[in-house]
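What follows is the content of start.tsv (TSV, C-alpha atoms).
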chain	number	residue	atom	x	y	z
A	37	VAL	CA	6.59	-6.27	1.24
A	38	ILE	CA	9.87	-4.80	2.46
A	39	PHE	CA	10.67	-1.28	1.26
A	40	ASN	CA	14.01	-2.34	-0.17
A	41	ALA	CA	15.20	-1.51	-3.69
A	42	ARG	CA	17.71	-4.00	-5.09
A	43	LEU	CA	20.10	-1.52	-6.66
A	44	SER	CA	22.97	-2.65	-8.89
A	45	ASN	CA	25.31	-1.41	-11.60
A	46	TYR	CA	22.49	-1.99	-14.08
A	47	ARG	CA	19.88	-0.27	-11.90
A	48	PRO	CA	21.89	2.25	-9.84
A	49	THR	CA	19.00	4.55	-8.86
A	50	ILE	CA	15.48	4.20	-7.47
A	51	ASP	CA	14.03	5.40	-10.78
A	52	GLU	CA	15.98	2.79	-12.72
A	53	PHE	CA	14.80	0.11	-10.29
A	54	LEU	CA	11.17	1.14	-10.65
A	55	LYS	CA	11.29	1.24	-14.45
A	56	SER	CA	11.51	-2.56	-14.42
A	57	PHE	CA	7.94	-2.69	-13.09
A	58	VAL	CA	6.19	0.01	-15.10
A	59	GLY	CA	4.42	-2.62	-17.22
A	60	SER	CA	2.71	-4.08	-14.14
A	61	PHE	CA	0.69	-0.93	-13.43
A	62	THR	CA	-1.90	1.13	-15.25
A	63	PRO	CA	-0.96	4.71	-16.22
A	64	TRP	CA	-3.13	6.04	-13.37
A	65	GLU	CA	-1.38	3.82	-10.81
A	66	TRP	CA	2.06	4.68	-12.14
A	67	GLU	CA	1.25	8.38	-11.83
A	68	ARG	CA	0.29	7.78	-8.20
A	69	ILE	CA	3.60	6.06	-7.52
A	70	ASN	CA	5.66	8.90	-8.92
A	71	ARG	CA	3.71	12.01	-7.97
A	72	ARG	CA	1.78	13.33	-5.00
A	73	HIS	CA	-1.70	14.62	-5.72
A	74	CYS	CA	-2.77	17.51	-3.53
A	75	PRO	CA	-6.20	19.20	-3.55
A	76	SER	CA	-6.27	22.90	-4.31
A	77	TRP	CA	-8.30	23.76	-1.23
A	78	LEU	CA	-9.79	26.50	0.84
A	79	PRO	CA	-10.62	25.96	4.53
A	80	GLY	CA	-14.12	24.53	5.07
A	81	LEU	CA	-14.75	23.74	1.41
A	82	VAL	CA	-15.37	20.36	-0.17
A	83	ILE	CA	-12.82	19.99	-2.92
A	84	SER	CA	-13.73	18.63	-6.30
A	85	SER	CA	-11.54	15.77	-7.48
A	86	LYS	CA	-10.79	17.80	-10.60
A	87	ARG	CA	-9.01	20.57	-8.67
A	88	LEU	CA	-5.69	18.90	-7.93
A	89	SER	CA	-2.07	19.89	-8.12
A	90	THR	CA	0.78	17.42	-8.38
A	91	ARG	CA	4.42	17.36	-7.39
A	92	PRO	CA	7.12	14.69	-7.58
A	93	ARG	CA	7.56	12.30	-4.68
A	94	SER	CA	10.88	11.86	-2.93
A	95	ASP	CA	12.74	8.60	-3.55
A	96	GLU	CA	11.61	7.26	-0.16
A	97	SER	CA	7.96	8.15	-0.77
A	98	LYS	CA	8.11	6.78	-4.31
A	99	LEU	CA	9.55	3.46	-3.14
A	100	ARG	CA	6.98	3.03	-0.37
A	101	GLU	CA	4.10	3.87	-2.70
A	102	PHE	CA	5.37	1.39	-5.29
A	103	PHE	CA	5.66	-1.50	-2.84
A	104	LEU	CA	2.30	-0.76	-1.19
A	105	ARG	CA	0.46	-0.66	-4.52
A	106	TRP	CA	2.29	-3.84	-5.56
A	107	SER	CA	1.17	-5.51	-2.33
A	108	MET	CA	-2.43	-4.51	-3.09
A	109	LYS	CA	-2.24	-6.25	-6.44
A	110	GLU	CA	-0.75	-9.38	-4.88
A	111	ALA	CA	-3.36	-9.41	-2.11
A	112	TYR	CA	-6.21	-9.09	-4.62
A	113	THR	CA	-5.02	-11.86	-6.93
A	114	LYS	CA	-4.38	-14.16	-3.97
A	115	ALA	CA	-7.89	-13.44	-2.65
A	116	LEU	CA	-9.20	-14.59	-6.02
A	117	GLY	CA	-7.08	-17.75	-5.72
A	118	LEU	CA	-5.30	-16.95	-8.98
A	119	GLY	CA	-2.02	-15.42	-7.84
A	120	MET	CA	0.30	-14.46	-10.68
A	121	ASN	CA	-2.03	-16.00	-13.28
A	122	ILE	CA	-3.52	-12.52	-13.68
A	123	ASN	CA	-1.37	-9.87	-15.32
A	124	PHE	CA	-1.10	-6.98	-12.89
A	125	HIS	CA	-1.59	-4.35	-15.58
A	126	GLU	CA	-5.00	-5.82	-16.47
A	127	PHE	CA	-6.71	-4.34	-13.42
A	128	GLU	CA	-6.57	-1.09	-11.51
A	129	THR	CA	-7.16	-0.40	-7.81
A	130	ARG	CA	-8.23	2.99	-6.51
A	131	LEU	CA	-8.64	3.44	-2.77
A	132	LEU	CA	-11.64	5.36	-1.47
A	133	HIS	CA	-12.38	7.38	1.68
A	134	GLY	CA	-9.87	10.09	0.84
A	135	VAL	CA	-6.76	7.93	0.29
A	136	ASP	CA	-6.76	8.49	-3.47
A	137	VAL	CA	-8.38	11.90	-3.52
A	138	ASP	CA	-9.59	11.72	-7.12
A	139	ALA	CA	-10.82	8.12	-7.05
A	140	GLY	CA	-14.23	9.17	-8.34
A	141	GLU	CA	-15.30	11.04	-5.20
A	142	ASN	CA	-15.01	14.45	-3.59
A	143	ALA	CA	-12.52	14.76	-0.75
A	144	ARG	CA	-12.18	17.05	2.24
A	145	THR	CA	-8.48	17.04	3.03
A	146	GLU	CA	-5.58	19.36	3.63
A	147	GLN	CA	-2.80	16.80	3.25
A	148	ASP	CA	-1.02	15.08	0.39
A	149	GLU	CA	-2.65	11.79	-0.45
A	150	GLY	CA	-0.81	8.50	-0.48
A	151	VAL	CA	-1.19	5.00	0.87
A	152	TRP	CA	1.64	5.18	3.40
A	153	SER	CA	0.63	8.60	4.74
A	154	SER	CA	-2.91	7.28	5.25
A	155	ILE	CA	-1.60	4.20	7.08
A	156	THR	CA	0.63	6.20	9.43
A	157	LYS	CA	-2.11	8.73	10.14
A	158	GLU	CA	-4.60	5.99	11.04
A	159	VAL	CA	-2.44	3.69	13.17
A	160	GLY	CA	-0.17	6.31	14.72
A	161	VAL	CA	3.12	4.88	13.46
A	162	ALA	CA	6.04	6.94	14.75
A	163	ASN	CA	9.80	6.62	14.86
A	164	GLY	CA	10.88	4.17	17.53
A	165	SER	CA	7.39	2.72	18.08
A	166	ARG	CA	6.26	-0.84	17.52
A	167	GLY	CA	3.45	-1.82	15.18
A	168	ASP	CA	1.31	-3.45	17.86
A	169	ASP	CA	-1.03	-2.34	20.62
A	170	ASP	CA	-0.64	-3.00	24.32
A	171	ASP	CA	-2.44	-6.34	23.93
A	172	GLY	CA	0.05	-7.48	21.27
A	173	GLN	CA	-2.37	-7.13	18.33
A	174	LEU	CA	-0.93	-5.65	15.17
A	175	ARG	CA	-2.24	-2.21	14.33
A	176	GLN	CA	-4.10	-2.16	11.06
A	177	PHE	CA	-5.49	0.27	8.52
A	178	SER	CA	-8.56	-0.83	6.58
A	179	VAL	CA	-9.83	0.93	3.47
A	180	VAL	CA	-12.20	0.07	0.64
A	181	GLY	CA	-10.89	0.06	-2.91
A	182	ASN	CA	-12.57	-0.09	-6.29
A	183	VAL	CA	-10.91	-2.79	-8.41
A	184	LYS	CA	-11.68	-2.58	-12.10
A	185	ARG	CA	-10.43	-4.65	-15.00
A	186	THR	CA	-8.97	-2.30	-17.58
A	187	LYS	CA	-11.46	-3.41	-20.26
A	188	ALA	CA	-14.49	-3.42	-17.95
A	189	LEU	CA	-16.98	-0.59	-17.56
A	190	THR	CA	-17.43	-1.02	-13.81
A	191	GLY	CA	-15.45	-2.50	-10.95
A	192	GLU	CA	-15.96	-4.31	-7.67
A	193	PHE	CA	-15.42	-3.09	-4.13
A	194	TRP	CA	-12.82	-4.90	-2.02
A	195	GLU	CA	-11.40	-4.24	1.41
A	196	PHE	CA	-7.63	-3.77	1.74
A	197	ILE	CA	-6.07	-4.14	5.20
A	198	PHE	CA	-2.52	-2.93	5.85
A	199	PHE	CA	-0.26	-3.92	8.77
A	200	PRO	CA	2.89	-1.77	9.17
A	201	LEU	CA	5.89	-3.84	10.26
A	202	GLY	CA	9.48	-3.02	11.10
A	203	ARG	CA	12.26	-2.76	13.59
A	204	GLY	CA	10.42	-1.39	16.60
A	205	GLY	CA	13.01	-2.98	18.87
A	206	GLY	CA	11.35	-6.34	19.48
A	207	GLN	CA	12.63	-9.82	18.72
A	208	ASP	CA	10.46	-10.17	15.62
A	209	SER	CA	11.37	-6.80	14.13
A	210	LEU	CA	12.87	-6.68	10.67
A	211	ALA	CA	16.58	-6.12	10.24
A	212	GLN	CA	17.70	-2.52	10.21
A	213	ASP	CA	19.51	-2.81	6.91
A	214	SER	CA	16.30	-3.67	5.02
A	215	MET	CA	15.98	0.01	4.18
A	216	PRO	CA	18.65	1.28	1.75
A	217	SER	CA	21.08	3.69	3.35
A	218	GLN	CA	20.12	6.45	0.94
A	219	LEU	CA	16.52	6.19	2.22
A	220	SER	CA	17.30	6.13	5.92
A	221	GLY	CA	15.75	9.53	6.58
A	222	GLY	CA	12.14	10.23	7.50
A	223	ASP	CA	9.88	7.63	9.06
A	224	SER	CA	12.12	4.58	8.71
A	225	SER	CA	11.12	2.78	11.91
A	226	PHE	CA	8.70	0.71	9.86
A	227	ASN	CA	10.33	-0.58	6.71
A	228	ALA	CA	7.75	-3.18	5.70
A	229	CYS	CA	4.03	-3.65	5.44
A	230	ALA	CA	1.67	-6.60	5.02
A	231	CYS	CA	-1.56	-6.36	3.04
A	232	ILE	CA	-4.56	-8.67	2.85
A	233	CYS	CA	-7.67	-8.32	0.71
A	234	ARG	CA	-11.28	-9.31	1.49
A	235	GLY	CA	-14.30	-9.20	-0.78
A	236	PRO	CA	-16.03	-8.54	-2.98
A	237	LEU	CA	-18.14	-6.20	-0.86
A	238	SER	CA	-21.75	-5.22	-1.22
A	239	LYS	CA	-22.61	-1.64	-2.14
A	240	ASN	CA	-23.69	-0.87	1.43
A	241	ALA	CA	-20.52	-2.35	2.93
A	242	SER	CA	-18.32	-0.41	0.54
A	243	GLU	CA	-19.75	2.89	1.78
A	244	SER	CA	-18.60	2.25	5.34
A	245	SER	CA	-15.18	3.53	6.39
A	246	LYS	CA	-15.07	1.13	9.39
A	247	MET	CA	-14.89	-2.62	8.77
A	248	ASN	CA	-14.50	-5.57	11.11
A	249	PRO	CA	-10.82	-5.84	12.13
A	250	ALA	CA	-8.79	-8.80	10.90
A	251	ALA	CA	-7.29	-11.21	13.44
A	252	ILE	CA	-3.59	-11.77	12.75
A	253	GLU	CA	-1.20	-14.17	14.48
A	254	LEU	CA	2.55	-13.68	14.17
A	255	LEU	CA	4.53	-16.89	13.69
A	256	SER	CA	8.24	-17.60	13.72
A	257	VAL	CA	9.95	-19.83	11.18
A	258	VAL	CA	9.94	-22.61	13.79
A	259	ASP	CA	6.19	-22.17	14.27
A	260	LEU	CA	5.63	-22.50	10.52
A	261	VAL	CA	7.73	-25.65	10.27
A	262	GLN	CA	5.86	-27.24	13.17
A	263	PHE	CA	2.52	-26.15	11.71
A	264	HIS	CA	3.30	-28.11	8.55
A	265	GLY	CA	4.10	-31.21	10.58
A	266	SER	CA	7.90	-31.17	10.47
A	267	ASN	CA	10.50	-30.92	13.18
A	268	PRO	CA	12.48	-27.66	13.29
A	269	LEU	CA	16.09	-27.87	12.25
Before anything else, please render the file you have as structure tokens.
Amino acid sequence: VIFNARLSNYRPTIDEFLKSFVGSFTPWEWERINRRHCPSWLPGLVISSKRLSTRPRSDESKLREFFLRWSMKEAYTKALGLGMNINFHEFETRLLHGVDVDAGENARTEQDEGVWSSITKEVGVANGSRGDDDDGQLRQFSVVGNVKRTKALTGEFWEFIFFPLGRGGGQDSLAQDSMPSQLSGGDSSFNACACICRGPLSKNASESSKMNPAAIELLSVVDLVQFHGSNPL
């Protein structure tokens, strides 16, 4: 996904843009997109998931959170081999290991939760940096999520792997104008993110915060054309 809101005269603001997609998320997910959830904490204490305060997200944070949670839904349905044949509002994904701090577990954290903040904290994304390591491998953030159909009593555990992408200065970086001008502040070096989903996981595997890394190969458009047996234009 690219963190780019298609604004127009009919949808002139980020909120108006997002309203078009409210029906694709559960109420819990939509709350996560629009508001930060922060534990009411004291140093050294384990915080119950019930002791949370909330505050509105900025437009930039809201847009990132929307696209990341949308990418999770796409990744899950593609992993099932069903794609858009599943209505997105019919299932809910809550990330564990402190990403969603009230996802049915206690959390020890001093920071606002959120998918993007967890990604940047894990892979060390910073302004002006590229999204790969010295060996050219894309940095990745892996986390286990509980995916539950809205009418089901229990869910399944799946692994979600995120790869921050953007305009780190290399040939394959995304164009600078992918991020709307009104959202150019903050950490805008990476204005896109890829997500893949693996699973379902066993109970033991779901309890581990470290999974086997995914091997990713970056291809150009010419590479893709040649891969499918055609000559590039």
Checklist entry - With all atoms listed in the file as the basis for distance, which of A:Arg91, A:His125, A:Lys239, A:His133 is at the shortest distance from A:Lys184? => result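 Once distances to A:Lys184 are computed over all atoms listed in the file, the minimum belongs to A:His125.
Remark: for A:Phe102, the closest of the candidate residues A:Glu67, A:Asp136, A:Glu253, A:Glu128 is A:Glu67 (distances computed over all atoms listed in the file).
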Next on the checklist: Please list, as a list in words, the residues that have an atom at most 10 Å away from (-11.4, -5.8, -3.2) in the coordinates of this file, counting only C-alpha atoms.
Outcome noted: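 Those within range, by chain then number, are Met108, Lys109, Ala111, Tyr112, Thr113, Ala115, Leu116, Thr129, Arg130, Leu131, Val179, Val180, Gly181, Asn182, Val183, Lys184, Gly191, Glu192, Phe193, Trp194, Glu195, Phe196, Ile232, Cys233, Arg234, Gly235, Pro236, Leu237 and Ser242 of chain A.
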Checklist entry - What does the distance between atom CA of A:Thr156 and atom CA of A:Met247 come to in Å, to one decimal place? => result 17.9 Å
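The spacing separating atom CA of A:Asp95 from atom CA of A:Arg71 amounts to 10.6 Å.
For the point (-6.7, -7.0, -18.6), the residues with an atom at a distance of at most 9 Å are Ile122, Asn123, Phe124, His125, Glu126, Phe127, Arg185, Thr186, Lys187 and Ala188 of chain A, counting only C-alpha atoms.
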Next on the checklist: My list of candidates is A:Asn70, A:Ser60, A:Ser154, A:Ser238. Which is closest to A:Trp106 when distances are computed with all atoms listed in the file?
Outcome noted: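 Of all the options, A:Ser60 lies closest to A:Trp106.
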Checklist outcome for this item: atom CA of A:Ala230 sits from atom CA of A:Phe103 at a separation of 10.2 Å
Checklist entry - Looking at A:Gly134, A:Pro249, A:Pro63, A:Pro92, which one is nearest to A:Arg175, with distances taken over only C-alpha atoms? => result A:Pro249
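Closest approach to A:Ser153 from the set A:Cys231, A:Met120, A:Leu104, A:Leu201 is made by A:Leu104, with distances taken over all atoms listed in the file.
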